[in-house]
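Peer 1: Have a look at this one.
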Protein chains: 2
Amino acid sequence: MSAAGKGFSPHLDIRRGCVDMTHGSGARAMTQLIEELFMKHFDNDLLRQANDQAAFEVERGRMVMSTDAHVVTPLFFPGGDIGSLAVHGTINDVAMSGARPLYLSAAFILEEGFPLAGLERIVISMARAAASAGVPVVTGDTKVVEKGKGDGVFIITTGVGMVPEGVDIGGGRARPGDVILVNGTLGDHGVAVMSCRENLSFETTIESDSAALHGLVADMVAAAPGIRCLRDPTRGGLASTLNELARQSRTGMILREDAIPVRPQVAAACELLGVDVLNVANEGKLVCICGPQSAGCLLEVMKAHPLGRDAAIIGEVVKDAAGFVEMRTAFGGSRVVDWPAGEPLPRIC
Amino acid sequence: MSAAGKGFSPHLDIRRGCVDMTHGSGARAMTQLIEELFMKHFDNDLLRQANDQAAFEVERGRMVMSTDAHVVTPLFFPGGDIGSLAVHGTINDVAMSGARPLYLSAAFILEEGFPLAGLERIVISMARAAASAGVPVVTGDTKVVEKGKGDGVFIITTGVGMVPEGVDIGGGRARPGDVILVNGTLGDHGVAVMSCRENLSFETTIESDSAALHGLVADMVAAAPGIRCLRDPTRGGLASTLNELARQSRTGMILREDAIPVRPQVAAACELLGVDVLNVANEGKLVCICGPQSAGCLLEVMKAHPLGRDAAIIGEVVKDAAGFVEMRTAFGGSRVVDWPAGEPLPRIC
């Protein structure tokens, strides 16, 4: 063989090329894909070590680790795509412990035949989201499956972060008298994806709220280190998240319907789609539960952050070992907010 | 609704049930799947916290992080399955830095219609592999995709570990005069999977070598902290791994064909399948490069470990900025060991 043969040329044809099985086989094509696409866009010192693992210094303390597989369909939607979502989703899961996210890993499962141009668009979006959040992708993996054995691109991200001293946030820590807050309007992500999927169009485009919440969380934790619970209401929406927290804490919860922020066009879309906005996924929202003495201060801190402008106190924690979540409706009635059950809303994230 | 309605009954019907879209939708069925299958078998204190992230104490030092998506087909093969493979694969990637692996995360992408009994079998195998390695699965995620948009089960694991003080192992550290070792016979995993796929049968079943190598690595690092490179020759086999290391280190390598341990039935199967054993994936093997003064001691330490009984010195690092890997054949000839290119062997891990 010639020396030129060792030179990894010709280059990937990103404009016209497609993913093929050799891109996942450990062969030269795989190295090419990794170098000319992933390493190029995610570029950072740790990734450039090009070992099968990233190495970095950590301080003594409490670390958190979280993982999320992203299988959203369609891959591109108003306000984001699977790439930015995969970064935001895992950063948020890490941040919901109060931690400062440090590093991400990313694994890609690619379907044979997927256009390299589409993959590049996703990787660029992902790299931008990671850079803007200050949380680099430091290691990764790529696999290719045959056409019809995947769905374009799945992205699995894992994140690690460190919890500041004195912070102890967990789903089982809510207690009667605590206050429930959210950082803004509910249902935007799920409705954006579903509208896209169902080809619905509205007067104004409904955009996903997909965003990295660790900056907001850092402000909140600094202002009120005694925050008891933080969780992002993704799949299953606010209803699932509050039922989970109520169950873990063995408490009940009472919500005030008129206090829950929902964009009018999202409410209208939910009506049209026949779904309850409380069951709809969010990707830039958090639920916070804190003692009553911290609630006012936290609300102010949240409202002062760009991702908390529409923050609101939406209810309170009550004594109820059975863990019911109840909503006082605008008309003075009351209904149980149950886990979503009947109508599944899959592949929303 | 009745109080019984909150009780998550009836239970999962693992014997006759199948994965359906509700298992990934954030609804009650998802919680049921997580609790009655994943939490039950992976059971450990960190997982039981049931937050969207696991929290644990770490010491100050050098941490490594590695991720691997597993898409092997078939899901069950002689010597292992996708569950044990997903544990071993990531533990090994962490260990190849010399680190002690601490924790794993696991994300599952399930295809609608996959039998819950098969999933349970995989999860049990995975839990056993993790328990036997002493590296628990502490956090996870589950997604479901429609029938025809996945392939049964994909498992993505991420691992973190800590590198002992004074250890500095990396792909770019080989230098002329260094010695190349492997811990045993090559090609077992890939041939086991391919034989299964092609319905080949041999007189004796060829089993995957899938194994967690961190115990062996710990012994090696303790004996010779100056080890320069460690890498597991998975996809692309020994050929890819040595070409990667040669390229990163800007050196050449010379192998002695008759020193490379290969089981006779694996060699025969490779002949039958028309593949070069050097291109075939391993899942319980490592390549070690060290200075000549450490080689004898390392070989002894490797041979003393159950996973290194067939360890051998297979070649040496030479000066060659072009990064060629060459093999001296048994007949006194010589050939270039190139990256595998033509024949892809995909979905082997």
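Each chain in the structure tokens gets a letter, A, B and so on, in the order shown; residues start at 1 in every chain, and ligands are counted from 1 in the order they appear.
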Near chain A, meaning an atom within 7 Å, which residues of chain B appear when counting only C-alpha atoms? Write them as a VMD selection string.
Peer 2: chain B and resid 21 to 22 24 to 28 51 to 69 93 to 94 105 107 139 to 141 143 145 148 to 151 158 170 to 171 235 to 236 240 339 to 341 344 to 347
Peer 1: As a VMD selection string, which residues of range 68-293 of chain A does DSSP assign to strand (DSSP E or B)?
Peer 2: chain A and resid 68 to 70 76 to 77 80 to 81 100 to 111 115 137 to 145 153 to 163 179 to 182 229 to 231 252 to 256 287 to 290
Peer 1: Could you give me, as a PyMOL selection string, each residue of range 90-168 of chain A that DSSP assigns to alpha helix (DSSP H) when run on this structure's backbone?
Peer 2: chain A and resi 90-95+116-133
Peer 1: Give me the residues within 9 Å of Val19 in chain A as a VMD selection string, counting only C-alpha atoms and dropping any in the same chain fewer than 5 places off.
Peer 2: chain A and resid 24 110 to 116 119 144
Peer 1: Output N, CA and C atoms of each residue in that selection to a file, as a PDB file, in the first residue's frame.
Peer 2:
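Wrote it out as part_35.pdb, contents follow:
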```pdb
ATOM      1  N   GLY A  24     -19.486   2.893  11.568  1.00  0.00           N
ATOM      2  CA  GLY A  24     -19.591   2.364  12.926  1.00  0.00           C
ATOM      3  C   GLY A  24     -18.763   1.117  13.147  1.00  0.00           C
ATOM      4  N   LEU A 110     -26.618   6.062  15.056  1.00  0.00           N
ATOM      5  CA  LEU A 110     -26.990   6.603  13.747  1.00  0.00           C
ATOM      6  C   LEU A 110     -27.610   5.514  12.891  1.00  0.00           C
ATOM      7  N   GLU A 111     -28.619   5.905  12.105  1.00  0.00           N
ATOM      8  CA  GLU A 111     -29.235   4.946  11.182  1.00  0.00           C
ATOM      9  C   GLU A 111     -28.554   5.079   9.824  1.00  0.00           C
ATOM     10  N   GLU A 112     -28.192   3.944   9.281  1.00  0.00           N
ATOM     11  CA  GLU A 112     -27.614   3.881   7.935  1.00  0.00           C
ATOM     12  C   GLU A 112     -28.483   4.700   6.973  1.00  0.00           C
ATOM     13  N   GLY A 113     -27.839   5.497   6.143  1.00  0.00           N
ATOM     14  CA  GLY A 113     -28.583   6.281   5.154  1.00  0.00           C
ATOM     15  C   GLY A 113     -28.912   7.690   5.609  1.00  0.00           C
ATOM     16  N   PHE A 114     -28.681   8.000   6.898  1.00  0.00           N
ATOM     17  CA  PHE A 114     -28.986   9.354   7.369  1.00  0.00           C
ATOM     18  C   PHE A 114     -27.995  10.335   6.738  1.00  0.00           C
ATOM     19  N   PRO A 115     -28.490  11.456   6.205  1.00  0.00           N
ATOM     20  CA  PRO A 115     -27.586  12.394   5.523  1.00  0.00           C
ATOM     21  C   PRO A 115     -26.545  12.989   6.476  1.00  0.00           C
ATOM     22  N   LEU A 116     -25.301  13.011   6.043  1.00  0.00           N
ATOM     23  CA  LEU A 116     -24.241  13.603   6.867  1.00  0.00           C
ATOM     24  C   LEU A 116     -24.491  15.088   7.095  1.00  0.00           C
ATOM     25  N   LEU A 119     -26.650  15.367  10.030  1.00  0.00           N
ATOM     26  CA  LEU A 119     -25.878  15.038  11.229  1.00  0.00           C
ATOM     27  C   LEU A 119     -24.991  16.218  11.617  1.00  0.00           C
ATOM     28  N   VAL A 144     -23.485   2.661  14.382  1.00  0.00           N
ATOM     29  CA  VAL A 144     -24.376   2.735  13.223  1.00  0.00           C
ATOM     30  C   VAL A 144     -25.213   1.461  13.178  1.00  0.00           C
TER      31      VAL A 144
END
```
Peer 1: Can I get the residues of range 143-195 of chain A within 10 Å of range 216-222 of chain A, each with the closest pair of atoms and their distance in Å to one decimal, using only C-alpha atoms, sorted chain first then ascending number, as a Markdown table?
Peer 2:
```
| residue | atom | partner | partner_atom | distance |
| --- | --- | --- | --- | --- |
| A:Pro164 | CA | A:Val221 | CA | 8.8 |
| A:Gly166 | CA | A:Val221 | CA | 9.9 |
| A:Val167 | CA | A:Val221 | CA | 7.5 |
| A:Ile169 | CA | A:Val221 | CA | 9.8 |
| A:Asn183 | CA | A:Leu216 | CA | 9.1 |
```
Peer 1: Suppose we keep all heavy atoms; can you now write the selection as an mmCIF file, in the first residue's frame?
Peer 2:
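So the final result, stored in out.cif, reads:
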```cif
data_model
loop_
_atom_site.group_PDB
_atom_site.id
_atom_site.type_symbol
_atom_site.label_atom_id
_atom_site.label_comp_id
_atom_site.auth_asym_id
_atom_site.auth_seq_id
_atom_site.Cartn_x
_atom_site.Cartn_y
_atom_site.Cartn_z
ATOM 1 N N PRO A 164 -22.605 22.235 45.478
ATOM 2 C CA PRO A 164 -21.955 23.134 46.438
ATOM 3 C C PRO A 164 -22.174 22.635 47.868
ATOM 4 O O PRO A 164 -23.220 22.062 48.184
ATOM 5 C CB PRO A 164 -22.674 24.467 46.230
ATOM 6 C CG PRO A 164 -23.377 24.364 44.911
ATOM 7 C CD PRO A 164 -23.646 22.914 44.693
ATOM 8 N N GLY A 166 -23.197 22.255 51.555
ATOM 9 C CA GLY A 166 -24.379 22.726 52.296
ATOM 10 C C GLY A 166 -25.689 22.593 51.549
ATOM 11 O O GLY A 166 -26.758 22.807 52.120
ATOM 12 N N VAL A 167 -25.625 22.243 50.266
ATOM 13 C CA VAL A 167 -26.857 22.092 49.483
ATOM 14 C C VAL A 167 -27.312 20.633 49.577
ATOM 15 O O VAL A 167 -26.515 19.726 49.383
ATOM 16 C CB VAL A 167 -26.614 22.498 48.014
ATOM 17 C CG1 VAL A 167 -27.819 22.163 47.149
ATOM 18 C CG2 VAL A 167 -26.269 23.979 47.933
ATOM 19 N N ILE A 169 -30.595 18.798 48.126
ATOM 20 C CA ILE A 169 -31.863 18.842 47.411
ATOM 21 C C ILE A 169 -32.241 17.422 47.024
ATOM 22 O O ILE A 169 -31.394 16.672 46.542
ATOM 23 C CB ILE A 169 -31.715 19.745 46.165
ATOM 24 C CG1 ILE A 169 -31.502 21.195 46.615
ATOM 25 C CG2 ILE A 169 -32.919 19.623 45.236
ATOM 26 C CD1 ILE A 169 -31.085 22.137 45.511
ATOM 27 N N ASN A 183 -40.629 28.177 37.111
ATOM 28 C CA ASN A 183 -39.886 29.333 36.571
ATOM 29 C C ASN A 183 -40.509 29.933 35.314
ATOM 30 O O ASN A 183 -39.919 30.830 34.723
ATOM 31 C CB ASN A 183 -38.424 28.959 36.304
ATOM 32 C CG ASN A 183 -38.283 27.945 35.190
ATOM 33 O OD1 ASN A 183 -39.032 26.969 35.169
ATOM 34 N ND2 ASN A 183 -37.358 28.162 34.268
#
```
Peer 1: Give the answer as one residue: which of B:Gly184, B:Gly215, B:Pro176, B:Gly291 has the shortest atom-to-atom distance to Asp310 in chain B, using only C-alpha atoms?
Peer 2: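 Smallest separation from Asp310 in chain B among the options: B:Gly184.
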Peer 1: Residues at most 12 Å from range 298-308 of chain B, counting only C-alpha atoms, excluding those fewer than 4 positions away in the same chain, as an MDAnalysis selection string?
Peer 2: chainID B and resid 179:185 209:227 261 283:294 312:314
Peer 1: What gap, in Å, lies between CA of Val191 in chain B and CA of Val266 in chain B?
Peer 2: 6.6 Å
